[in-house]
>>> print(open('query-v9.txt').read())   # compact mmCIF, C-alpha atoms
# COMPACT_ATOMS: atom_id res chain seq x y z
CA MET X 1 0.00 0.00 0.00
CA ASN X 2 1.63 3.23 -1.15
CA SER X 3 1.10 6.72 0.28
CA PHE X 4 -1.70 7.46 -2.23
CA ASP X 5 -3.62 4.36 -1.10
CA MET X 6 -3.01 5.33 2.52
CA GLY X 7 -4.39 8.80 1.80
CA ARG X 8 -7.49 7.34 0.19
CA PHE X 9 -8.02 5.00 3.11
CA TYR X 10 -7.60 7.89 5.56
CA ALA X 11 -10.21 9.83 3.55
CA LEU X 12 -12.61 6.87 3.84
CA LEU X 13 -12.15 6.84 7.62
CA LYS X 14 -12.80 10.60 7.77
CA ARG X 15 -15.93 10.11 5.68
CA GLU X 16 -17.23 7.52 8.17
CA LEU X 17 -16.53 9.84 11.09
CA TRP X 18 -18.32 12.75 9.37
CA GLU X 19 -21.35 10.65 8.45
CA HIS X 20 -21.68 8.88 11.81
CA LYS X 21 -20.45 11.52 14.22
CA GLY X 22 -23.59 11.22 16.33
CA GLN X 23 -23.14 7.50 16.93
CA LEU X 24 -19.36 7.31 17.17
CA VAL X 25 -18.48 10.55 19.00
CA TYR X 26 -21.51 12.04 20.74
CA THR X 27 -22.91 8.80 22.21
CA PRO X 28 -19.86 8.04 24.41
CA ILE X 29 -19.74 11.72 25.44
CA VAL X 30 -23.39 11.63 26.53
CA VAL X 31 -22.81 8.40 28.48
CA ALA X 32 -19.74 9.96 30.14
CA LEU X 33 -21.77 13.02 31.13
CA LEU X 34 -24.45 10.79 32.66
CA VAL X 35 -21.83 8.84 34.62
CA LEU X 36 -20.26 12.11 35.77
CA LEU X 37 -23.66 13.45 36.80
CA SER X 38 -24.38 10.33 38.87
CA LEU X 39 -20.89 10.61 40.42
CA VAL X 40 -21.49 14.25 41.43
CA TRP X 41 -24.90 13.27 42.81
CA ALA X 42 -23.32 10.43 44.83
CA VAL X 43 -20.56 12.73 46.12
CA ALA X 44 -23.12 15.34 47.15
CA ALA X 45 -25.18 12.70 48.94
CA LEU X 46 -22.14 11.36 50.83
CA GLY X 47 -21.36 14.57 52.72
CA ILE X 48 -17.97 16.15 53.49
CA GLU X 49 -16.94 13.84 56.38
CA SER X 50 -17.85 10.60 54.63
CA LEU X 51 -16.15 11.83 51.48
CA SER X 52 -12.92 12.62 53.33
CA ALA X 53 -13.03 9.16 54.94
CA THR X 54 -13.65 7.57 51.53
CA ARG X 55 -10.75 9.50 50.02
CA GLU X 56 -8.41 8.42 52.82
CA PHE X 57 -9.52 4.82 52.37
CA VAL X 58 -8.96 5.03 48.61
CA ALA X 59 -5.50 6.56 49.17
CA SER X 60 -4.59 3.73 51.57
CA THR X 61 -5.53 1.01 49.07
CA GLY X 62 -3.16 -0.30 46.42
CA GLU X 63 -3.18 0.73 42.77
CA GLY X 64 -4.82 -2.56 41.84
CA VAL X 65 -7.94 -1.73 43.86
CA GLN X 66 -8.19 1.73 42.28
CA LEU X 67 -7.65 0.26 38.83
CA THR X 68 -10.51 -2.19 39.40
CA ALA X 69 -12.69 0.66 40.69
CA PHE X 70 -11.97 2.70 37.55
CA MET X 71 -12.75 -0.27 35.31
CA LEU X 72 -16.03 -0.82 37.15
CA GLY X 73 -16.78 2.90 36.68
CA ALA X 74 -16.60 2.34 32.93
CA LEU X 75 -19.15 -0.50 33.10
CA PRO X 76 -22.00 1.55 31.51
CA PHE X 77 -19.83 1.80 28.39
CA ALA X 78 -19.68 -2.00 28.18
CA PHE X 79 -23.43 -1.98 27.49
CA VAL X 80 -23.52 1.07 25.24
CA ILE X 81 -20.51 0.49 22.95
CA PRO X 82 -21.76 -2.85 21.48
CA VAL X 83 -25.20 -1.34 20.86
CA TYR X 84 -24.06 1.74 18.93
CA SER X 85 -21.36 -0.26 17.13
CA ALA X 86 -23.99 -2.74 15.94
CA PHE X 87 -26.30 0.06 14.78
CA TYR X 88 -23.39 1.77 13.02
CA LEU X 89 -22.58 -1.46 11.16
CA LEU X 90 -26.23 -2.04 10.28
CA SER X 91 -26.61 1.40 8.75
CA SER X 92 -23.13 1.66 7.23
CA LEU X 93 -23.79 -0.25 3.98
CA TYR X 94 -27.58 0.13 4.01
CA GLN X 95 -27.87 3.91 4.38
CA GLU X 96 -25.69 4.70 1.36
CA ARG X 97 -27.95 2.56 -0.83
CA LYS X 98 -31.05 4.14 0.65
CA ASP X 99 -29.95 7.74 0.00
CA LEU X 100 -28.32 6.66 -3.31
CA SER X 101 -24.95 8.16 -2.31
CA ILE X 102 -23.46 4.73 -3.13
CA TYR X 103 -23.43 5.76 -6.82
CA PHE X 104 -21.29 8.76 -5.98
CA TRP X 105 -18.89 6.73 -3.83
CA GLN X 106 -18.64 3.97 -6.44
CA SER X 107 -17.65 6.59 -9.00
CA MET X 108 -14.69 7.52 -6.76
CA PRO X 109 -11.36 5.68 -7.15
CA VAL X 110 -12.00 3.46 -4.12
CA SER X 111 -12.81 -0.23 -4.32
CA ASN X 112 -15.63 -2.03 -2.54
CA SER X 113 -13.10 -3.92 -0.41
CA GLN X 114 -11.44 -0.67 0.76
CA THR X 115 -14.85 0.77 1.68
CA VAL X 116 -15.92 -2.31 3.67
CA ILE X 117 -12.53 -2.63 5.39
CA SER X 118 -12.71 1.05 6.39
CA LYS X 119 -16.00 0.31 8.17
CA ILE X 120 -14.42 -2.63 10.02
CA VAL X 121 -11.45 -0.47 11.04
CA ILE X 122 -13.84 2.23 12.28
CA VAL X 123 -15.83 -0.16 14.46
CA SER X 124 -12.91 -2.21 15.78
CA LEU X 125 -10.21 0.45 16.14
CA VAL X 126 -11.36 4.07 15.74
CA ALA X 127 -14.60 3.82 17.75
CA PRO X 128 -12.76 2.09 20.66
CA LEU X 129 -10.10 4.82 20.53
CA ILE X 130 -12.75 7.56 20.75
CA ALA X 131 -14.60 5.75 23.55
CA THR X 132 -11.34 5.21 25.48
CA ALA X 133 -10.38 8.88 25.11
CA VAL X 134 -13.78 9.90 26.51
CA ILE X 135 -13.46 7.37 29.37
CA PHE X 136 -9.96 8.67 30.18
CA LEU X 137 -11.29 12.24 30.32
CA LEU X 138 -14.07 11.05 32.61
CA PHE X 139 -11.50 9.40 34.92
CA LEU X 140 -9.40 12.58 34.93
CA ILE X 141 -12.38 14.78 35.84
CA ALA X 142 -13.44 12.35 38.59
CA THR X 143 -9.88 12.31 40.02
CA LEU X 144 -9.67 16.11 39.86
CA LEU X 145 -13.03 16.43 41.63
CA PHE X 146 -11.79 14.23 44.47
CA ALA X 147 -8.49 16.13 44.57
CA ALA X 148 -10.31 19.51 44.72
CA GLN X 149 -12.53 18.25 47.50
CA GLY X 150 -9.48 17.12 49.48
CA LEU X 151 -7.65 20.39 48.85
CA PHE X 152 -10.54 22.58 50.00
CA SER X 153 -11.65 20.47 52.97
CA ASP X 154 -8.36 19.47 54.67
CA GLY X 155 -5.65 20.73 52.33
CA LEU X 156 -4.47 17.21 51.48
CA LEU X 157 -3.78 15.71 48.07
CA ASN X 158 -2.98 12.21 49.22
CA GLY X 159 -3.56 9.44 46.68
CA VAL X 160 -4.12 11.75 43.70
CA PHE X 161 -1.02 10.74 41.76
CA GLN X 162 -1.72 7.09 42.49
CA SER X 163 -5.26 7.61 41.15
CA LEU X 164 -3.90 9.26 37.99
CA THR X 165 -1.61 6.29 37.35
CA ALA X 166 -4.50 3.89 37.96
CA ALA X 167 -6.74 5.91 35.61
CA THR X 168 -4.14 5.73 32.83
CA SER X 169 -3.60 2.00 33.29
CA ALA X 170 -7.36 1.38 33.41
CA SER X 171 -7.88 3.35 30.18
CA ILE X 172 -5.21 1.30 28.38
CA LEU X 173 -6.74 -1.95 29.64
CA ILE X 174 -10.24 -0.82 28.64
CA PHE X 175 -9.00 -0.04 25.12
CA LEU X 176 -7.34 -3.46 24.85
CA THR X 177 -10.51 -5.12 26.19
CA ILE X 178 -12.66 -3.43 23.52
CA LEU X 179 -10.11 -4.39 20.87
CA LYS X 180 -10.10 -8.02 21.97
CA THR X 181 -13.90 -8.06 22.14
CA ALA X 182 -14.05 -6.76 18.56
CA LEU X 183 -11.81 -9.65 17.47
CA TRP X 184 -14.00 -12.18 19.28
CA PHE X 185 -17.06 -10.65 17.63
CA PHE X 186 -15.50 -10.58 14.15
CA PRO X 187 -18.00 -13.15 12.79
CA THR X 188 -20.83 -10.98 14.17
CA ILE X 189 -19.30 -7.89 12.51
CA GLY X 190 -19.19 -9.80 9.21
CA TRP X 191 -22.75 -11.08 9.67
CA ILE X 192 -24.16 -7.59 10.31
CA LEU X 193 -22.19 -6.08 7.40
CA LEU X 194 -23.49 -8.81 5.07
CA PHE X 195 -27.10 -8.01 5.89
CA SER X 196 -26.44 -4.28 5.84
CA ALA X 197 -25.28 -4.72 2.24
CA PHE X 198 -28.06 -7.19 1.40
CA ALA X 199 -31.33 -5.87 2.87
CA ARG X 200 -33.57 -3.53 0.87
CA SER X 201 -35.28 -2.54 4.11
CA VAL X 202 -35.00 -3.24 7.88
CA PRO X 203 -31.49 -4.82 7.91
CA LEU X 204 -31.78 -5.43 11.68
CA LEU X 205 -34.76 -7.70 11.14
CA TRP X 206 -32.97 -9.56 8.35
CA ALA X 207 -29.81 -10.08 10.42
CA ILE X 208 -31.65 -11.39 13.49
CA GLY X 209 -34.39 -13.19 11.56
CA VAL X 210 -32.07 -15.19 9.32
CA TYR X 211 -29.91 -16.14 12.32
CA ILE X 212 -32.93 -17.48 14.23
CA LEU X 213 -34.25 -19.20 11.10
CA VAL X 214 -30.93 -20.98 10.49
CA LEU X 215 -30.77 -22.02 14.16
CA PHE X 216 -34.29 -23.42 13.94
CA LEU X 217 -33.83 -25.17 10.58
CA GLU X 218 -30.56 -26.78 11.66
CA ASP X 219 -32.14 -28.18 14.81
CA PHE X 220 -35.38 -29.15 13.03
CA ILE X 221 -33.89 -30.84 9.95
CA PHE X 222 -30.55 -32.22 11.13
CA SER X 223 -31.11 -32.29 14.93
CA THR X 224 -27.73 -30.64 15.41
CA GLN X 225 -26.80 -27.33 17.03
CA PHE X 226 -23.46 -26.42 15.49
CA LEU X 227 -24.36 -22.75 14.97
CA ALA X 228 -25.66 -22.40 18.55
CA ASN X 229 -22.47 -24.02 19.89
CA TRP X 230 -20.35 -21.78 17.67
CA THR X 231 -22.12 -18.72 19.10
CA ASN X 232 -21.87 -20.11 22.61
CA SER X 233 -18.10 -20.59 22.24
CA ARG X 234 -17.64 -16.80 22.02
CA THR X 235 -20.08 -15.47 24.60
CA ASN X 236 -18.00 -15.91 27.75
CA VAL X 237 -17.22 -12.48 29.23
CA SER X 238 -13.90 -13.68 30.69
CA GLN X 239 -12.70 -14.19 27.09
CA TYR X 240 -12.85 -10.44 26.45
CA LEU X 241 -11.49 -9.02 29.70
CA VAL X 242 -7.86 -7.88 29.70
CA TRP X 243 -6.20 -7.37 33.10
CA SER X 244 -2.66 -6.70 31.86
CA VAL X 245 -0.90 -5.87 28.59
CA PRO X 246 0.88 -9.28 28.31
CA ASP X 247 -2.51 -10.88 29.04
CA PHE X 248 -3.83 -9.20 25.86
CA PHE X 249 -1.08 -10.63 23.64
CA THR X 250 -1.29 -14.13 25.10
CA GLY X 251 -5.09 -13.96 24.72
CA LEU X 252 -4.69 -13.34 20.98
CA ILE X 253 -3.13 -16.77 20.52
CA ASP X 254 -6.41 -18.56 21.05
CA TYR X 255 -7.83 -21.15 18.68
CA ASP X 256 -11.47 -20.04 19.04
CA LEU X 257 -10.57 -16.39 18.48
CA LEU X 258 -8.42 -17.04 15.40
CA ILE X 259 -10.88 -19.46 13.79
CA GLY X 260 -13.62 -16.87 14.40
CA VAL X 261 -11.60 -14.24 12.56
CA ALA X 262 -10.96 -16.70 9.72
CA PHE X 263 -14.64 -17.64 9.35
CA GLY X 264 -15.75 -14.04 9.79
CA THR X 265 -13.64 -13.25 6.72
CA ILE X 266 -16.07 -15.35 4.63
CA LEU X 267 -18.92 -13.03 5.67
CA VAL X 268 -16.83 -9.89 5.13
CA ALA X 269 -15.90 -11.13 1.62
CA GLY X 270 -19.61 -11.74 1.02
CA SER X 271 -20.47 -8.18 2.03
CA ILE X 272 -17.76 -6.82 -0.32
CA TYR X 273 -19.28 -8.74 -3.24
CA MET X 274 -22.80 -7.82 -2.09
CA ARG X 275 -21.99 -4.12 -2.42
CA ARG X 276 -22.09 -4.49 -6.23
CA PHE X 277 -25.90 -4.82 -5.99
CA ALA X 278 -26.51 -1.15 -5.34
CA ASP X 279 -30.23 -1.07 -6.14
CA MET S 1 -20.17 -20.89 -11.47
CA LYS S 2 -19.22 -17.28 -10.77
CA ASN S 3 -22.10 -16.09 -12.93
CA ILE S 4 -24.56 -18.22 -10.99
CA ILE S 5 -23.31 -17.00 -7.61
CA LEU S 6 -23.25 -13.36 -8.64
CA ARG S 7 -26.54 -13.51 -10.58
CA ASN S 8 -28.45 -11.59 -7.91
CA ARG S 9 -28.23 -10.66 -4.23
CA TYR S 10 -30.20 -13.73 -3.11
CA SER S 11 -27.95 -16.27 -4.84
CA LEU S 12 -24.90 -14.51 -3.37
CA LEU S 13 -26.43 -14.50 0.12
CA LEU S 14 -27.27 -18.20 -0.11
CA PHE S 15 -23.74 -19.02 -1.29
CA VAL S 16 -22.04 -16.97 1.44
CA LEU S 17 -24.27 -18.29 4.24
CA GLY S 18 -23.89 -21.83 2.90
CA GLY S 19 -20.10 -21.52 2.89
CA TYR S 20 -20.04 -19.99 6.38
CA LEU S 21 -22.32 -22.66 7.85
CA LEU S 22 -20.42 -25.44 6.11
CA ALA S 23 -17.17 -24.13 7.61
CA ILE S 24 -18.77 -24.05 11.07
CA VAL S 25 -20.15 -27.59 10.74
CA VAL S 26 -16.85 -29.03 9.44
CA GLU S 27 -14.91 -27.26 12.20
CA GLY S 28 -17.46 -28.48 14.75
CA LEU S 29 -17.11 -32.07 13.53
CA ILE S 30 -13.30 -31.93 13.54
CA THR S 31 -12.95 -30.32 16.97
CA GLY S 32 -15.88 -32.31 18.39
CA ARG S 33 -17.75 -29.41 19.91
CA GLU S 34 -20.52 -30.56 22.20
CA PRO S 35 -23.44 -30.88 19.76
CA VAL S 36 -26.18 -30.10 22.31
CA PHE S 37 -26.45 -26.56 23.59
CA PHE S 38 -30.10 -26.32 24.59
CA ASP S 39 -30.11 -28.94 27.31
CA LEU S 40 -33.57 -28.95 28.82
CA ASP S 41 -32.75 -31.55 31.49
CA ASN S 42 -32.59 -30.14 34.99
CA PRO S 43 -30.05 -32.03 37.12
CA PHE S 44 -31.75 -30.80 40.32
CA PHE S 45 -35.18 -32.07 39.40
CA GLU S 46 -36.04 -35.55 38.25
CA LEU S 47 -39.58 -36.75 37.86
CA GLN S 48 -40.58 -40.05 36.28
CA ILE S 49 -44.28 -39.96 35.53
CA ASN S 50 -44.09 -43.55 34.27
CA ASP S 51 -43.76 -44.56 37.87
CA GLN S 52 -47.35 -43.93 38.99
CA GLU S 53 -46.73 -44.40 42.70
CA ALA S 54 -43.79 -42.03 42.78
CA PHE S 55 -45.80 -39.48 40.85
CA GLU S 56 -48.69 -39.70 43.33
CA ARG S 57 -46.30 -39.33 46.24
CA PHE S 58 -44.78 -36.31 44.56
CA THR S 59 -48.10 -34.57 43.89
CA GLU S 60 -49.38 -35.43 47.36
CA GLY S 61 -46.40 -33.73 48.91
CA ARG S 62 -46.62 -30.81 46.52
CA PHE S 63 -50.28 -29.98 47.19
CA SER S 64 -50.36 -30.74 50.91
CA GLY S 65 -47.52 -28.30 51.55
CA LEU S 66 -45.18 -31.08 52.64
CA ASN S 67 -41.74 -31.63 51.25
CA PRO S 68 -41.99 -34.67 48.93
CA GLU S 69 -38.69 -35.96 50.30
CA ASP S 70 -40.14 -36.03 53.82
CA ILE S 71 -42.95 -38.39 52.83
CA GLU S 72 -41.87 -41.95 53.60
CA ASP S 73 -42.56 -44.80 51.27
>>> encode(input="query-v9.txt", output="structure tokens")
Amino acid sequence: MNSFDMGRFYALLKRELWEHKGQLVYTPIVVALLVLLSLVWAVAALGIESLSATREFVASTGEGVQLTAFMLGALPFAFVIPVYSAFYLLSSLYQERKDLSIYFWQSMPVSNSQTVISKIVIVSLVAPLIATAVIFLLFLIATLLFAAQGLFSDGLLNGVFQSLTAATSASILIFLTILKTALWFFPTIGWILLFSAFARSVPLLWAIGVYILVLFLEDFIFSTQFLANWTNSRTNVSQYLVWSVPDFFTGLIDYDLLIGVAFGTILVAGSIYMRRFAD
Amino acid sequence: MKNIILRNRYSLLLFVLGGYLLAIVVEGLITGREPVFFDLDNPFFELQINDQEAFERFTEGRFSGLNPEDIED
């Protein structure tokens, strides 16, 4: 890939960000604001004395405890990120056919494979980066709030630097967790993209409906449940969680993960070919 | 072959889904994944309605408010 190809690919990523700014940028910001609001409400409800005691307790704990607390604080994102990522994927190849902008983009010197790959990169790399940046900002604001409270109430800043280190480590681990989850869900990404490129209307219904239909037909005709077992093999939450950087790299060498990526490629290839039916 | 697959969106969808499912089935057969996922048997509850006496004892205990295990044979 030369610099011209890189430039084109970068332009495709920018296009996705422009077109889906609401989903990819504003949604994590709104969630972060809600978390921050609930944090301020909880702090206000605690009272000055309880808050000082809590801060002293937090300062006395190790970095591991604070890191876990930060990761738990980002739990609302664990429910929101998959939802808006799935809706982004569903609309990504469907919307351009609906508003007929596909004809404009197909007249540009970019191939169908580059376009589809740019959408995969957005959902598995760029969206996690944006979400992690927002989460890190949220952690920083929360730490600064606690530090300000300590400074104004008893003039102490104990545990602040430890909290900042824990916030940074937690943000890195959250990013790696989202990245690993995206790899585990690669067949799902391919499946949604395929139906986003296929459906003339309601791609969500097509994606879910065909999955349920195949599950039913397989059990009804052959009395086997290979697809259900395949899905079940990648639904364990412990598969996605990353607790250290080496843990992330060792977790990548996993048979189920790699075979999922390989089989997901079949669906991604299908969605690339499907994009030729623009009507 | 290529013309048949790429004739329309439906033929392409069928081909892609067929290939994907075939890959899953072959991989499942090779690795020997447990072929039953929806196991409706409850290991904590076993009731044989073929055994009429046991069934009557069970229902008697159930509707009288007694624990069926407390009712002696």
>>> atom_distance(input="query-v9.txt", atom1="atom CA of X:Leu176", atom2="atom CA of X:Leu90")
23.9 Å
>>> interface_residues(input="query-v9.txt", of="chain S", to="chain X", cutoff="12 Å", atoms="only C-alpha atoms", output="number ranges by chain")
S: 2, 5-39
>>> atom_distance(input="query-v9.txt", atom1="atom CA of X:Thr165", atom2="atom CA of X:Glu56")
17.0 Å
>>> atom_distance(input="query-v9.txt", atom1="atom CA of X:Ala32", atom2="atom CA of X:Phe77")
8.3 Å
>>> residues_around(input="query-v9.txt", residues="X:Arg97", least_positions_apart="3", cutoff="9 Å", atoms="only C-alpha atoms", output="PyMOL selection string")
chain X and resi 93-94+100-103+197+200+278-279
>>> residues_around(input="query-v9.txt", residues="X:Gly22", least_positions_apart="6", cutoff="12 Å", atoms="all atoms listed in the file", output="compact mmCIF listing (two decimals) with C-alpha atoms, in the coordinates of the input")
# COMPACT_ATOMS: atom_id res chain seq x y z
CA GLU X 16 -17.23 7.52 8.17
CA PRO X 28 -19.86 8.04 24.41
CA ILE X 29 -19.74 11.72 25.44
CA VAL X 30 -23.39 11.63 26.53
CA TYR X 84 -24.06 1.74 18.93
CA SER X 85 -21.36 -0.26 17.13
CA PHE X 87 -26.30 0.06 14.78
CA TYR X 88 -23.39 1.77 13.02
CA ALA X 127 -14.60 3.82 17.75
>>> residues_around(input="query-v9.txt", residues="X:Ile174", least_positions_apart="3", cutoff="8 Å", atoms="all atoms listed in the file", output="PyMOL selection string")
chain X and resi 71+132+170-171+177-178+242
